[in-house]
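Student: My structure is below; once you've seen it, I'll send some questions.
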Amino acid sequence: MSTNNNMPQSYNDRASSTGEADVGVDPASGSFFSADYKRHEDLKAMLDSNKDNLKLEAMKRIIGMVAKGKDASDLFPAVVKNVVSKNIEVKKLVYVYLVRYAEEQQDLALLSISTFQRGLKDPNQLIRASALRVLSSIRVPVITPIMMLAIRESVTDMSPFVRKTAAHAIPKIYSLDPEQKEFCIEIIEKLLSDKTTLVIGSAVMAFEEVCPEKIDLIHKNYRKLCNLLVDVEEWGQLVIINMLTRYARTQFVNPNRYGEHMDNERFYESEHSSQEDQTPVTPEAPKSFTMDSDHRLLLRNTKPLLQSRNSSVVMAVAQLYHHVAPKTEVGAVAKPLVRLLRSHREIQSIVLSNIATMTTTRKEFAHLSSMRHRPTGRGLSMFEPYLKSFFVRPMDPTLIKLIKLDILTNLATEASIGIILREFHTYVASSDREFVAATIQAIGRCASTISECTDTCMNGLVSLMSNRDEAVVAESVVVIKKLLQMAPAKHKDIIVHMAKLVEKITVAMARASILWLIGEYCERVPKIAPDVLRKMAKTFITETDIVKLQVLNLATKLYLTNPKQTHLLCQYVFNLAKYDQNYDIRDRARLLRQLALPNEKSGALAKHAKKIFLASKPAPVLESKFKDQDQFQLGTLSHFINAKSSGYQELPDWPEVAPDPSVRTVEAPMPWTDDQPKAKKPTKKKQSFYSESGESTGDDSSSSESDSDEESSDESGSEDEEESKSEKSVEAAESSAAEVSSSSEEETSASEESASETDSEEEEKPKKPVKKPGKAAVAAVAKQQLLLLDFDDVPAASSAPALLPGNALAPSLLTGAVVNEKTSPLQVTVSSAVFVPTQTRELLNRISGSGLSIDYRFTRTQNIYSGKMVTVELTLTNSSDQDIKNICIEQKKLSPGMDMQVFPSIECLNVNQSQTVSVGMDYADTTQPATFDVSTADRRYPVTLHAPVGEQLQPIIITENDFVSQQAKLKGMNEIIGSVEISSDHANESSIKQRVYSVANVQQSPCTNLAVYRFASRTLSAGALVLISISVDDNGKASITVNCEKMVIGSMLLKEVKSALKST
C-alpha cells in the first residue's frame, strides 16, 4: 500500500521539478516579474565560453526573449563582447541585439565603436549593413562625424543592401543633428541616382523625411522612378507613389481642367452641337488639350500595381488616380478597391472611408454626366456595378456599417433605389440602435436627393412612427421634420398625425421636432395647434429644456397668428417660464414677451414680430459626413480622422501653367555627342586591337571606354592638384585603366571602390596593363604617381584586404596599403611629461567613508608595474576619532580589457594621519571608469575612479615630416575637427600650450607655420598615435584637428581641448 502511494508521489515530484528547471534555465519562458536575479548567469557563461555553438545557442535564446518583449538589457556587456566573433551566425545575431539596445546602452555601445567601424569593411554584406545600422542607432551627438563618414562610404558600397541601410541611416543622423541637412541632401542625391530597385525605395523614403521640398532632386530621376516602380519592393512602392502624387500636382496641369477627357473632346464635338461647343476658343479656355507624356508615363506604370497583394500599395495607386488622373480613367481603381473589402476589418474601414469620400465628391459630376448622356468613370457609375459589395453584413462592426450606409446612400440612383430601400428596411430591425438611427437618416437622404422616391420614403418613415422601439420613432420624427420643410403643403396629414403622437413620444428631441413643425406650419393646422399648446402647458414644468424652448416658440407663433384663442394660454406659458430654474428659459421668455405681447415700453421690433417669427426658412441640406474629408489626401491618417495630424503634408494645387518639362530630360547622353569626335581615332585603334580577342568591339563599348578614360584621368588630375594625395590619384588612374568594358553611366564612386578591391591583385600581376595600350596617357600618369609612393610602408598584398590588421577606417585601407603603427618604420621617442597637474579629485568623501577620505591625482609618470598603466596617486586621510586598520582594495569590477594594480594593504592609519599610495590603471583606451571597493577592517566603500582621456596618453617626440605623413594617414573617420573662439588675451603661444598641457599629456611638435601648434602623443594601452593641430587666425578663432585611430578617444579629447581653450 505504501509502495503504491509513493510511486505517483515521486512521479509528481519529478514532474514539478522538471518544470521548475525549464523555467529557471530558459529565460525566454520565464515570467515578466521574476525575482530570480541570477536567471541570466547561464547565458552569460555561454557567451563567455570559447565554443561557437554555445554562443550561438545563447544568442538565439536572447533574441527569443527580445522578440517576446522581455527585457534583456542586462546582458548587453556580455553580448557586445561577441561582436568580434569570427562566426558569421553569431555576429549576425549580436548585431540584431545591438540594434535593439544600442540607443539605451549608449556608453557600453561606444566602447565597441571601433569594432563597428571594422565591421564596415567586413567581406560579408550583412555584417557591413548591420554594423552601419548599429552605428546609426547610437544616439550620441559626439559620434555624428563618424556616422557621416560611415554613411558617405556606404553609399558607394558594391552591395545594394548596404546602400539601402545607408539610406535608412540618413533620417537618423538628420534627427540627431539637423545642421547636417546639406550633407544629407548630398547623400540623398547620390542614392536617388542609384539604379538598383532595392535602394531606390529607401532613397525616396530618406528624401521624404529630410527634404521633401527639394523637388529639383526628383526631376532627373522621375522617369527612372516610374519605370522601376513595378520592380521595387512593396513598401518602397508606397513611398514612391505618394511622393510622385505630390510631384505630379506641382509639375503637370489639371487634366480635368478643360473637360472630361482632353483627347476625347473632338470626338464628342461632332455629336453635340450646343452653344457651349460653339463658343470661341480662347487662350484661357482651350478647346483641346493633350496630356504631358511624363504624366501619362506615371499613370501607365502605376496601373499594374492595382493587382498588388499589398493593400497599402493598391490604396496608394487609387489615391494617385483620384488626385492626378483624368476623370474617365479613375474607374480602373473601383474593382481593386472592392477586392480589398475581403480583407481584415481594419483594412475595410480604411478602404471604405476612402470610397465614401470618392463617391461623395463625385456625385455631382455623375449627375451632370447623366444629363449630358456621356460616359463617366467616376462617382456613382464607378462603384455602381459593385453595389451589393457594400451591403451590410451581420458580423460587421458598427463603424463599418455606418460607412457602408453612407456609400449606399451616395450610390442610390433611380434604378437602384428600390434595392437599397429594401436593404434599409431590413436594417431598421437591427438591435444596434446607432445603426438603426443612421439607417433612418440614410432613408431621409435618399428621399431628399431622389425626388421620384420621396413619397415612398416618407410613407416608410411614417410607418416607422408606429414602431415599438421608441428610439426608432424618435429618429423617424426628426428625419420627417427635415423632409417636411422641403414640401410642407403636400404632407399636411403627416403633420396632423405627428401632432397626435406628442403625448406618446417621450424622447426630448422628437417632441421638440414635432412642436417646431406645428409652430412653423400652424396656419395649416389652425384647429390642432392650440390644443397641442394646451396639452404642453399642463406638462411644462416637467419637460426638458429643449422642449420648453419649443413650447415658448409655439406659444409665440400661435399668438401672432391666432391671438383670440391663444392670448391667455400664451401669457400662462410665459409666466411659467418666468420663474423657471434655467436662466436660458427665463431669458427667452422675457425676449418673446416683449415681442409677442407689446406694451408701452416695447421697442420698434415688436411691430415686425410676425415677419421675424413666421419668415420662410430654407430647407436643411442632408449631406454625407464624408463631404468635408476631401480636403485631405486620400489614404492618409488625416483623411481617416478628418483632422490634420502631425507630419501631414498638404497636397499642392495644380499649377496654372505647366513648368518646363525639359528638366526631366536626363542630360547624361548629351556629352557623348561632344566628346565622341575627339575620341574617335583612339576608339578605332582599340577596336582593331581587340578584334582578335573574344571581347566586344561595338561602337558603344569603345566610346564608353574612351569617355571613361577621359573622365577618370580628369578626376585623378583634379584630385592630385587639390588634395596632393598620391593614393587617390593612383586609384583613379588604375580604375580607368582596368575597367575597359565598364558602362559610361557607371558612378565615379563605384569606380574608386572597384579599384580598392583589385589594387592588391594589380601589384601581383604586372602584366595586366598590357591589355591597355590605347591608354598611354593615363598609364603614364599612373606610373609617375606610383613612383611617388613609399613602398617600404606597404606590407605584402593580401587576397582579402578587408581583413588586414590596423585601422579599419583609414583611407589607406581603400587602396590595400594598410599602414599600422606596429609595422610602420616611424621612429618615436617617448618623452617625459611637460606639465604635471596638481589638481586632486575626490574619490571617497569623509562622510561617506566614516571618517576615511581619499583624494587622487594623475602624476603622468611611468608606471612601475606596466607601461600600459596610468599612475594614480591616492592620498588617504583619517578624519575620524579612531584608527582605521587593514585598508585595501577588493571587489574590482572592471570592464573587459581593463586591468588594475592595487597598493599593498595599509595595516593601520592613525587619527588625523595621511598616507600616499599609488595604483596602476590600464583603461584599455576607453572612457569607462574603474569600479572597486575600498575595504577596511569594519566595512567596504564602493568607489569609482574616472580617468580623463588626456591622462591616458603618453607624450612622444616626432619630426614635422613624420607628423604630416602620419596625419595624412589618419584622415577620414579618424579625423575629428572642431572650432572655438579664443579671447585675445589667451591667443598667444604660451597660453595655448599651457591650456593644452593642462588637459592632455602631450608633447609639442615643431612646425614651420607660426600660426599652427602641433602636439603628439600615443595611447598608453594600445599605442595608437594621437595628433593634435591647433590653427589660430587673426580673429581669435581656433580650428582644432585631432587625428587618432581610436575615434572615441579623438572625439573626447577634442571636447576637452575645446573646453580648455574656451575657458577664461
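Chain lettering (A, B, ...) mirrors the order of the C-alpha cells, residue numbering begins at 1 for each chain separately, and ligand numbering begins at 1 in order of display.
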Quick one: residues within 9 Å of range 1044-1053 of chain A, only C-alpha atoms counted, chain neighbours fewer than 3 positions away excluded, as number ranges by chain?
Tutor: A: 110-111, 113-114, 142-143, 146, 806-810, 925-927, 948-950, 967, 970-971, 973-977, 999-1000, 1018-1019, 1024-1028, 1056-1058
Student: Which residues come within 12 Å of Met465 in chain A, counting only C-alpha atoms, excluding same-chain residues fewer than 5 positions away, as a list in words?
Tutor: Ile440, Met458, Asn459, Gly460, Glu470, Ala471, Val472, Val473, Ala474, Glu475, Ser476, Val477, Val478, Val479, Ile480, Ile494, His497, Met498, Ala499, Lys500, Leu501, Val502, Lys504, Ile505 and Ala510 of chain A
Student: Write out as a VMD selection string each polymer residue whose atoms come within 10 Å of Glu890 in chain A, counting only C-alpha atoms; drop sequence neighbours fewer than 3 positions from it.
Tutor: chain A and resid 887 893 902 932 to 936 940 to 942
Student: Could you tell me, as an MDAnalysis selection string, which residues of range 57-288 of chain A DSSP assigns to helix (DSSP H, G or I) when given the backbone?
Tutor: chainID A and resid 57:67 73:84 88:101 106:111 113:119 125:137 141:154 160:176 178:192 197:210 216:219 222:231 234:251 265:269
Student: I'd like the neighbourhood of range 587-602 of chain A as a compact mmCIF listing (two decimals) with N, CA, C and O atoms, in the first residue's frame, where a residue qualifies if any of its atoms comes within 7 Å (using only C-alpha atoms), though same-chain residues fewer than 4 positions away should be ignored.
Tutor:
# COMPACT_ATOMS: atom_id res chain seq x y z
N THR A 556 -45.62 81.67 -28.98
CA THR A 556 -45.42 82.96 -29.64
C THR A 556 -46.03 82.97 -31.04
O THR A 556 -46.73 83.93 -31.44
N LEU A 560 -49.28 85.16 -32.52
CA LEU A 560 -49.17 86.07 -33.66
C LEU A 560 -50.17 85.73 -34.75
O LEU A 560 -50.60 86.61 -35.50
N PHE A 574 -45.81 82.00 -20.57
CA PHE A 574 -44.73 82.96 -20.28
C PHE A 574 -44.53 83.13 -18.76
O PHE A 574 -43.41 83.27 -18.28
N ALA A 577 -42.58 80.20 -17.47
CA ALA A 577 -41.16 80.29 -17.85
C ALA A 577 -40.43 81.39 -17.11
O ALA A 577 -39.21 81.35 -16.96
N LYS A 578 -41.16 82.36 -16.64
CA LYS A 578 -40.53 83.49 -15.95
C LYS A 578 -39.81 83.04 -14.69
O LYS A 578 -38.81 83.64 -14.29
N TYR A 583 -31.77 79.65 -16.60
CA TYR A 583 -31.77 81.06 -16.98
C TYR A 583 -31.99 81.24 -18.47
O TYR A 583 -32.45 82.31 -18.92
N ALA A 606 -41.12 95.07 -32.02
CA ALA A 606 -42.41 94.42 -31.77
C ALA A 606 -43.36 94.55 -32.95
O ALA A 606 -44.22 93.69 -33.16
N ALA A 609 -42.72 91.60 -35.40
CA ALA A 609 -42.58 90.28 -34.78
C ALA A 609 -43.08 89.17 -35.70
O ALA A 609 -42.49 88.09 -35.76
